[in-house]
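The structure under discussion appears below in the form of structure tokens.
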Amino acid sequence: MIPRRRHLAAVRRRFAARAVPLRSWLMQRIFLPMRSPRAARLLYAAVLDGQTVNLHALLPRSTALPEHATLVLQRGRRRCEGPARVYEERDGRLLMDAAILLGTEAGGLPVDDGRWKVVLSTRSGRRSTRIPLLLVEPPQPYGGPTMPMAVSPVSGRRYRLGRTVTGNLRVVVSPARASAEVMKVDLSHTGLVVDFRVLGTRATEPWAEFTATGRRIERPLIDLGDGVWRTIVPLDEMAPRRRATEHWDVAFCSADTRTMRLGRRLHDVRNPLRVFAMNQASVAPQGHTPLLVHPRYTPAGNFRVSCSRMPEAGRRLR
């Protein structure tokens, strides 16, 4: 980055750092108190399974029980609608529940990348009302063996909840990051086959690259269609040159895209090494010494193949 661009980037970062506290102060002290009597207050808001917006809100006291209710997502001239349920509690309060699936790939609303405003639209007879949704507290992460899905497991897109400076709820849609996601691992006594899909990018004439310490093997890929590729792991060339186990990383390569390591990242598991554990097996490549092969995932979710010589083979070599 040239000095002028570095200077401008630093100025933008300083401006953003100073703007965040001011934005929060305006929202908490001015806009939220001023708009609360006429807006629905979200009691719960989260994106579950990476692509479903779940909302639970308390409607203003001035609202009458409507005949119909829909959740409206709008960006510019584009508009999408999903079902919502408004009902009355025993104390007379009106509540709203909604669960909206996003993304045409998953059979949901056709939202594209960008910021979408979200409002509740109610109708009784010929009268219709639009009620803003106030997000007073942003969604909080939780602990446990699983974590919130950060991206859609179908498309790899990211759907997150945000709010405007006035506190209105909005859905921010981001494109899928370029990645190679493992779909299936087939280990038998004759070999290892891995199917994976490529998200967020297109590649021409790609290949697979297997790397270990001081070693590298390139292999062609089989195109299965719809962005899915298959690699047949060259175990006959991956036998350790010494007695120690060798660990091979697998990458998707192409002349017009960056190298991407195969892995499993579109999940809500905190420890993929333990949860997605795979058994090791003895594999006998044709015409070669039997190997003990263990496909697995690293703590970061990267796919790795560990190869070691069988104990019997080691004794014969000595």
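A note on labels: chains of the structure tokens are A, B, ... as shown, every chain counts residues from 1, and ligands are counted from 1 in their shown order.
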Please list as a list in words every residue within 8 Å of stretch 249-255 of chain A, counting only C-alpha atoms and excluding residues in the same chain fewer than 5 positions away.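 In the requested format, the answer is Ala180, Ala203, Thr204, Glu205, Pro206, Trp207, Ala208, Glu209, Phe210, Thr211, Ala212, Met260, Arg261, Leu262, Asn302, Phe303, Arg304 and Val305 of chain A.
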Run DSSP on the backbone and give me the residues of stretch 99-276 of chain A it puts in alpha helix (DSSP H), as an MDAnalysis selection string. chainID A and resid 272:275
Go through A:His189, A:Arg79, A:Arg41, A:Arg158 and flag the residue nearest A:Ala176, using only C-alpha atoms for the distances.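 Among A:His189, A:Arg79, A:Arg41, A:Arg158, it is A:Arg158 that comes nearest to A:Ala176.
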Smallest atom-to-atom distance to A:Arg77: which of A:Thr63, A:Met278, A:Lys117, A:Ile100, using only C-alpha atoms?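 Under the stated criterion, the closest residue is A:Lys117.
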Counting only C-alpha atoms, which of A:Leu101, A:Ala244, A:Leu65, A:Leu95 gets nearest to A:Cys80?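 When distances to A:Cys80 are compared using only C-alpha atoms, the smallest one comes from A:Leu101.
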For stretch 120-122 of chain A: contacts at 6 Å, only C-alpha atoms, fewer than 4 positions along chain excluded, given as a list in words: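 What passes the distance filter is Pro66, His68, Ala69, Thr70, Leu71, Ser128, Thr129, Arg130 and Ile131 of chain A.
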What separates atom CA of A:Leu192 and atom CA of A:Ala284 is a distance of 10.8 Å
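Picture a line from atom CA of A:Leu291 to atom CA of A:Leu235; it runs 8.3 Å.
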In Å to one decimal, how far is atom CA of A:Leu59 from atom CA of A:Asp91? 13.1 Å
Residue with smallest distance to A:Ala281 - pool A:Asp186, A:Glu237, A:Glu89, A:Glu105, counting only C-alpha atoms: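 With only C-alpha atoms as the atom set, the closest residue is A:Asp186.
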Show me, as a ChimeraX atom specification, the residues that have an atom within 7 Å of A:His56 when counting only C-alpha atoms, minus same-chain residues fewer than 6 positions from it. /A:42-45,96-98
Take the residues from that selection and put them in a file with N, CA and C atoms, as a PDB file, in the first residue's frame.
```pdb
ATOM      1  N   LEU A  42     -37.906  -5.571  20.156  1.00  0.00           N
ATOM      2  CA  LEU A  42     -37.490  -6.967  20.000  1.00  0.00           C
ATOM      3  C   LEU A  42     -36.992  -7.512  21.334  1.00  0.00           C
ATOM      4  N   LEU A  43     -37.652  -8.578  21.789  1.00  0.00           N
ATOM      5  CA  LEU A  43     -37.228  -9.257  23.008  1.00  0.00           C
ATOM      6  C   LEU A  43     -36.232 -10.362  22.702  1.00  0.00           C
ATOM      7  N   TYR A  44     -36.265 -10.853  21.473  1.00  0.00           N
ATOM      8  CA  TYR A  44     -35.313 -11.880  21.033  1.00  0.00           C
ATOM      9  C   TYR A  44     -35.087 -11.699  19.544  1.00  0.00           C
ATOM     10  N   ALA A  45     -33.835 -11.749  19.128  1.00  0.00           N
ATOM     11  CA  ALA A  45     -33.486 -11.633  17.708  1.00  0.00           C
ATOM     12  C   ALA A  45     -32.201 -12.395  17.475  1.00  0.00           C
ATOM     13  N   MET A  96     -45.300 -10.604  18.789  1.00  0.00           N
ATOM     14  CA  MET A  96     -45.071 -11.039  17.409  1.00  0.00           C
ATOM     15  C   MET A  96     -43.980 -12.084  17.370  1.00  0.00           C
ATOM     16  N   ASP A  97     -44.221 -13.167  16.635  1.00  0.00           N
ATOM     17  CA  ASP A  97     -43.221 -14.196  16.380  1.00  0.00           C
ATOM     18  C   ASP A  97     -43.020 -14.330  14.877  1.00  0.00           C
ATOM     19  N   ALA A  98     -41.785 -14.528  14.463  1.00  0.00           N
ATOM     20  CA  ALA A  98     -41.489 -14.730  13.042  1.00  0.00           C
ATOM     21  C   ALA A  98     -40.238 -15.568  12.907  1.00  0.00           C
TER      22      ALA A  98
END
```
Can you list, as a list of chain:residue names, every protein, DNA or RNA residue that comes within 9 Å of A:Thr245 when you count only C-alpha atoms, leaving out same-chain residues fewer than 2 positions away?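 Those residues are A:Ala239, A:Pro240, A:Arg242, A:Arg243, A:His247, A:Ser306, A:Cys307, A:Ser308, A:Arg309.
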Given the selection you just returned, output its residues as a file containing all heavy atoms, formatted as a PDB file, in the first residue's frame.
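New file again.pdb:
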```pdb
ATOM      1  N   ALA A 239       3.655 -42.597   0.897  1.00  0.00           N
ATOM      2  CA  ALA A 239       4.273 -43.398   1.955  1.00  0.00           C
ATOM      3  C   ALA A 239       5.421 -42.622   2.597  1.00  0.00           C
ATOM      4  O   ALA A 239       6.205 -41.951   1.898  1.00  0.00           O
ATOM      5  CB  ALA A 239       4.794 -44.711   1.375  1.00  0.00           C
ATOM      6  N   PRO A 240       5.544 -42.655   3.902  1.00  0.00           N
ATOM      7  CA  PRO A 240       6.636 -41.930   4.575  1.00  0.00           C
ATOM      8  C   PRO A 240       7.996 -42.421   4.116  1.00  0.00           C
ATOM      9  O   PRO A 240       8.215 -43.621   3.940  1.00  0.00           O
ATOM     10  CB  PRO A 240       6.408 -42.239   6.055  1.00  0.00           C
ATOM     11  CG  PRO A 240       4.965 -42.630   6.155  1.00  0.00           C
ATOM     12  CD  PRO A 240       4.643 -43.317   4.863  1.00  0.00           C
ATOM     13  N   ARG A 242      10.599 -41.970   5.906  1.00  0.00           N
ATOM     14  CA  ARG A 242      11.245 -42.428   7.130  1.00  0.00           C
ATOM     15  C   ARG A 242      10.201 -43.140   7.978  1.00  0.00           C
ATOM     16  O   ARG A 242       9.067 -43.336   7.565  1.00  0.00           O
ATOM     17  CB  ARG A 242      11.842 -41.245   7.881  1.00  0.00           C
ATOM     18  CG  ARG A 242      12.888 -40.484   7.055  1.00  0.00           C
ATOM     19  CD  ARG A 242      13.400 -39.278   7.819  1.00  0.00           C
ATOM     20  NE  ARG A 242      14.389 -38.541   7.031  1.00  0.00           N
ATOM     21  CZ  ARG A 242      14.965 -37.422   7.429  1.00  0.00           C
ATOM     22  NH1 ARG A 242      14.649 -36.913   8.624  1.00  0.00           N
ATOM     23  NH2 ARG A 242      15.853 -36.814   6.660  1.00  0.00           N
ATOM     24  N   ARG A 243      10.595 -43.529   9.182  1.00  0.00           N
ATOM     25  CA  ARG A 243       9.671 -44.257  10.032  1.00  0.00           C
ATOM     26  C   ARG A 243       8.591 -43.359  10.618  1.00  0.00           C
ATOM     27  O   ARG A 243       7.518 -43.827  10.973  1.00  0.00           O
ATOM     28  CB  ARG A 243      10.445 -44.932  11.176  1.00  0.00           C
ATOM     29  CG  ARG A 243      11.428 -45.995  10.695  1.00  0.00           C
ATOM     30  CD  ARG A 243      12.184 -46.594  11.860  1.00  0.00           C
ATOM     31  NE  ARG A 243      13.190 -47.542  11.422  1.00  0.00           N
ATOM     32  CZ  ARG A 243      14.049 -48.154  12.230  1.00  0.00           C
ATOM     33  NH1 ARG A 243      14.011 -47.890  13.533  1.00  0.00           N
ATOM     34  NH2 ARG A 243      14.939 -49.009  11.757  1.00  0.00           N
ATOM     35  N   HIS A 247       2.290 -35.981   7.640  1.00  0.00           N
ATOM     36  CA  HIS A 247       0.982 -35.348   7.625  1.00  0.00           C
ATOM     37  C   HIS A 247       0.841 -34.532   6.336  1.00  0.00           C
ATOM     38  O   HIS A 247       1.635 -33.615   6.088  1.00  0.00           O
ATOM     39  CB  HIS A 247       0.809 -34.454   8.854  1.00  0.00           C
ATOM     40  CG  HIS A 247       1.070 -35.167  10.144  1.00  0.00           C
ATOM     41  ND1 HIS A 247       0.198 -36.075  10.696  1.00  0.00           N
ATOM     42  CD2 HIS A 247       2.150 -35.107  10.984  1.00  0.00           C
ATOM     43  CE1 HIS A 247       0.695 -36.542  11.830  1.00  0.00           C
ATOM     44  NE2 HIS A 247       1.885 -35.975  12.024  1.00  0.00           N
ATOM     45  N   SER A 306      -2.936 -38.243   7.527  1.00  0.00           N
ATOM     46  CA  SER A 306      -1.702 -38.722   8.168  1.00  0.00           C
ATOM     47  C   SER A 306      -1.412 -40.128   7.682  1.00  0.00           C
ATOM     48  O   SER A 306      -2.284 -41.003   7.717  1.00  0.00           O
ATOM     49  CB  SER A 306      -1.856 -38.720   9.691  1.00  0.00           C
ATOM     50  OG  SER A 306      -2.062 -37.403  10.161  1.00  0.00           O
ATOM     51  N   CYS A 307      -0.190 -40.356   7.225  1.00  0.00           N
ATOM     52  CA  CYS A 307       0.225 -41.657   6.690  1.00  0.00           C
ATOM     53  C   CYS A 307       1.424 -42.174   7.476  1.00  0.00           C
ATOM     54  O   CYS A 307       2.380 -41.439   7.727  1.00  0.00           O
ATOM     55  CB  CYS A 307       0.598 -41.535   5.208  1.00  0.00           C
ATOM     56  SG  CYS A 307      -0.762 -41.038   4.134  1.00  0.00           S
ATOM     57  N   SER A 308       1.356 -43.438   7.838  1.00  0.00           N
ATOM     58  CA  SER A 308       2.478 -44.077   8.532  1.00  0.00           C
ATOM     59  C   SER A 308       2.605 -45.508   8.033  1.00  0.00           C
ATOM     60  O   SER A 308       1.642 -46.108   7.550  1.00  0.00           O
ATOM     61  CB  SER A 308       2.266 -44.047  10.047  1.00  0.00           C
ATOM     62  OG  SER A 308       1.040 -44.673  10.389  1.00  0.00           O
ATOM     63  N   ARG A 309       3.812 -46.065   8.151  1.00  0.00           N
ATOM     64  CA  ARG A 309       4.033 -47.441   7.739  1.00  0.00           C
ATOM     65  C   ARG A 309       3.421 -48.399   8.758  1.00  0.00           C
ATOM     66  O   ARG A 309       3.382 -48.121   9.951  1.00  0.00           O
ATOM     67  CB  ARG A 309       5.533 -47.727   7.603  1.00  0.00           C
ATOM     68  CG  ARG A 309       6.210 -46.920   6.501  1.00  0.00           C
ATOM     69  CD  ARG A 309       7.669 -47.311   6.384  1.00  0.00           C
ATOM     70  NE  ARG A 309       8.352 -46.537   5.372  1.00  0.00           N
ATOM     71  CZ  ARG A 309       8.352 -46.841   4.073  1.00  0.00           C
ATOM     72  NH1 ARG A 309       7.721 -47.913   3.637  1.00  0.00           N
ATOM     73  NH2 ARG A 309       9.017 -46.070   3.220  1.00  0.00           N
TER      74      ARG A 309
END
```
Could you list, as a ChimeraX atom specification, every residue within 12 Å of A:Arg93, counting only C-alpha atoms and ignoring same-chain residues fewer than 5 positions away? /A:40,57-65,86-88
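Of the residues under consideration (A:Asp256, A:Glu81, A:Asp268, A:Asp195), A:Asp195 shows the shortest atom-to-atom contact distance to A:Ile232 when counting only C-alpha atoms.
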